[in-house]
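Asks: One structure, pasted below without further comment.
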Amino acid sequence: QVQLVESGGGLVQPGGSLRLSCTTSGNIFKIATMGWYRQSPGKQRELVASISYDGFIDYLDSVKGRFTISRDNAKNTLYLQMNYLKPEDTAVYYCNGIPTFQDAWGQGTQVTVSS
């Protein structure tokens, strides 16, 4: 079973930056398309960014030009560099596969953008 552990969230002012990390267990990471998701109160979880095992990347329109997804297959780790953060980016951020790994959602990491 895949285990996912997100970290790196926090409170940041608008315009600030954060770097999220997601460590994974197991060997599936190296061949999986991975994604960062987020969920804010009262809203459905949405896919923010994705990266295939061979580096094909896609982003939610609202984060293009501000967020950068990357992966280190040797470390089984997924990253999300978030710049120029906006209050509307406030959410709990999760990582998971695409399609999602069964029963693998972690606790997520809270990102709060506020002055």
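Letters for chains follow the order of the structure tokens (A, B, ...), residue numbers begin at 1 for each chain, and ligand numbers begin at 1 in the order shown.
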Determine, counting only C-alpha atoms, which protein, DNA and RNA residues have an atom within 9 Å of an atom of Tyr84 of chain A; residues of the same chain fewer than 2 positions away are not included. Present the result as an NGL selection string.
Replies: :A and (14-17 or 66-67 or 82 or 86)
Asks: The selected residues should be written to file as an mmCIF file, in the first residue's frame (atoms: N, CA and C atoms).
Replies:
```cif
data_model
loop_
_atom_site.group_PDB
_atom_site.id
_atom_site.type_symbol
_atom_site.label_atom_id
_atom_site.label_comp_id
_atom_site.auth_asym_id
_atom_site.auth_seq_id
_atom_site.Cartn_x
_atom_site.Cartn_y
_atom_site.Cartn_z
ATOM 1 N N PRO A 14 0.166 37.392 1.024
ATOM 2 C CA PRO A 14 -0.029 37.427 -0.436
ATOM 3 C C PRO A 14 1.259 37.864 -1.126
ATOM 4 N N GLY A 15 1.569 37.165 -2.215
ATOM 5 C CA GLY A 15 2.809 37.435 -2.932
ATOM 6 C C GLY A 15 3.978 36.599 -2.466
ATOM 7 N N GLY A 16 3.801 35.883 -1.384
ATOM 8 C CA GLY A 16 4.872 35.061 -0.842
ATOM 9 C C GLY A 16 5.001 33.720 -1.536
ATOM 10 N N SER A 17 5.926 32.910 -1.019
ATOM 11 C CA SER A 17 6.233 31.614 -1.625
ATOM 12 C C SER A 17 6.270 30.518 -0.576
ATOM 13 N N ARG A 66 2.764 30.512 -11.854
ATOM 14 C CA ARG A 66 3.072 30.765 -10.436
ATOM 15 C C ARG A 66 3.564 29.518 -9.710
ATOM 16 N N PHE A 67 3.041 28.353 -10.080
ATOM 17 C CA PHE A 67 3.392 27.095 -9.427
ATOM 18 C C PHE A 67 4.270 26.265 -10.347
ATOM 19 N N MET A 82 5.484 27.088 -4.989
ATOM 20 C CA MET A 82 4.367 28.014 -5.162
ATOM 21 C C MET A 82 4.861 29.435 -4.933
ATOM 22 N N LYS A 86 -1.752 33.740 -3.648
ATOM 23 C CA LYS A 86 -2.934 34.583 -3.513
ATOM 24 C C LYS A 86 -3.836 34.017 -2.415
#
```
Asks: I want to know what sits within 8 Å of Ser50 of chain A, based on only C-alpha atoms, with residues of the same chain fewer than 4 positions away left out; could you give that as a PyMOL selection string?
Replies: chain A and resi 33-36+56-59+69+98
Asks: Provide the atom CA of Gly10 of chain A to atom CA of Ile28 of chain A distance in Å, to one decimal place.
Replies: 28.6 Å
Asks: Extract, using only C-alpha atoms, all DNA, RNA and protein residues at most 12 Å from Leu80 of chain A, discarding same-chain residues fewer than 3 positions from it, and format them as a PyMOL selection string.
Replies: chain A and resi 6-9+17-23+34-38+48-51+57+59+63+66-72+77+83+93-95+109+111
Asks: Considering only strand (DSSP E or B) as DSSP defines it on the backbone, what residues of chain A qualify? List them as a compact mmCIF listing (two decimals) with C-alpha atoms, in the first residue's frame.
Replies:
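Saved the output as selection_24.txt:
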```
# COMPACT_ATOMS: atom_id res chain seq x y z
CA LEU A 4 1.90 9.66 1.15
CA VAL A 5 3.20 12.32 3.54
CA GLU A 6 2.88 16.00 2.65
CA SER A 7 4.82 18.81 4.30
CA GLY A 10 2.20 27.33 6.46
CA LEU A 11 0.97 30.88 6.75
CA VAL A 12 2.27 33.29 4.15
CA LEU A 18 6.13 28.12 -0.22
CA ARG A 19 7.61 24.81 -1.30
CA LEU A 20 5.60 21.69 -0.62
CA SER A 21 7.06 18.20 -0.47
CA CYS A 22 5.43 14.80 -0.68
CA THR A 23 7.33 11.69 0.27
CA THR A 24 6.04 8.33 -0.86
CA MET A 34 1.68 12.20 -9.77
CA GLY A 35 -0.40 15.19 -8.87
CA TRP A 36 -0.91 17.91 -6.31
CA TYR A 37 -4.51 18.43 -5.27
CA ARG A 38 -6.08 20.99 -2.98
CA GLN A 39 -9.31 21.38 -1.11
CA GLU A 46 -9.27 19.87 -7.34
CA LEU A 47 -6.17 18.84 -9.24
CA VAL A 48 -3.65 21.68 -9.25
CA ALA A 49 -0.68 20.22 -11.09
CA SER A 50 0.46 16.93 -12.53
CA ILE A 51 3.69 15.37 -13.72
CA ILE A 57 3.56 18.57 -16.85
CA ASP A 58 0.18 20.24 -16.69
CA TYR A 59 -1.36 22.90 -14.45
CA PHE A 67 3.39 27.10 -9.43
CA THR A 68 6.04 24.60 -10.50
CA ILE A 69 5.71 20.86 -10.00
CA SER A 70 8.75 18.61 -9.99
CA ARG A 71 9.79 15.16 -8.87
CA ASP A 72 12.88 13.33 -7.69
CA THR A 77 9.55 12.72 -3.59
CA LEU A 78 7.19 15.13 -5.29
CA TYR A 79 7.49 18.91 -4.96
CA LEU A 80 5.36 21.96 -5.57
CA GLN A 81 7.01 25.35 -5.65
CA MET A 82 4.37 28.01 -5.16
CA ALA A 91 -6.44 25.21 1.03
CA VAL A 92 -5.20 21.88 2.29
CA TYR A 93 -2.81 20.49 -0.29
CA TYR A 94 -2.48 16.77 -0.96
CA CYS A 95 -0.44 14.62 -3.27
CA ASN A 96 -1.61 11.43 -4.92
CA GLY A 97 -1.31 9.52 -8.11
CA THR A 109 -0.54 20.23 4.45
CA GLN A 110 -2.38 23.47 5.17
CA VAL A 111 -1.52 26.52 3.10
CA THR A 112 -2.95 29.81 4.30
CA VAL A 113 -2.41 32.99 2.35
```
Asks: Have a look at A:Ala32, A:Val2, A:Ser40, A:Ser25 and name the one nearest to Thr90 of chain A; count only C-alpha atoms.
Replies: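 That would be A:Ser40, the residue with the smallest distance to Thr90 of chain A.
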Asks: Have a look at atom CA of Phe29 of chain A and atom CA of Lys75 of chain A and let me know their distance in Å, one decimal.
Replies: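 Separation between atom CA of Phe29 of chain A and atom CA of Lys75 of chain A: 9.6 Å.
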Asks: Calculated over only C-alpha atoms, which of the candidates A:Thr100, A:Pro87, A:Gln107, A:Pro41 has the smallest distance to Gln13 of chain A?
Replies: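 Of A:Thr100, A:Pro87, A:Gln107, A:Pro41, the one nearest Gln13 of chain A is A:Pro87, counting only C-alpha atoms.
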Asks: Identify which of the residues A:Gln3, A:Gln44, A:Ser62, A:Asn76 lies closest to Lys30 of chain A, counting only C-alpha atoms when measuring atom-to-atom distances.
Replies: A:Asn76
Asks: Just to confirm, what's the straight-line distance from atom CA of Ile31 of chain A to atom CA of Lys64 of chain A in Å (one decimal)?
Replies: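 These atoms are spaced 24.6 Å apart.
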Asks: Using only C-alpha atoms, which residue out of A:Gln1, A:Asp103, A:Gly42, A:Asp89 lies closest to Leu60 of chain A?
Replies: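 When distances to Leu60 of chain A are compared using only C-alpha atoms, the smallest one comes from A:Asp89.
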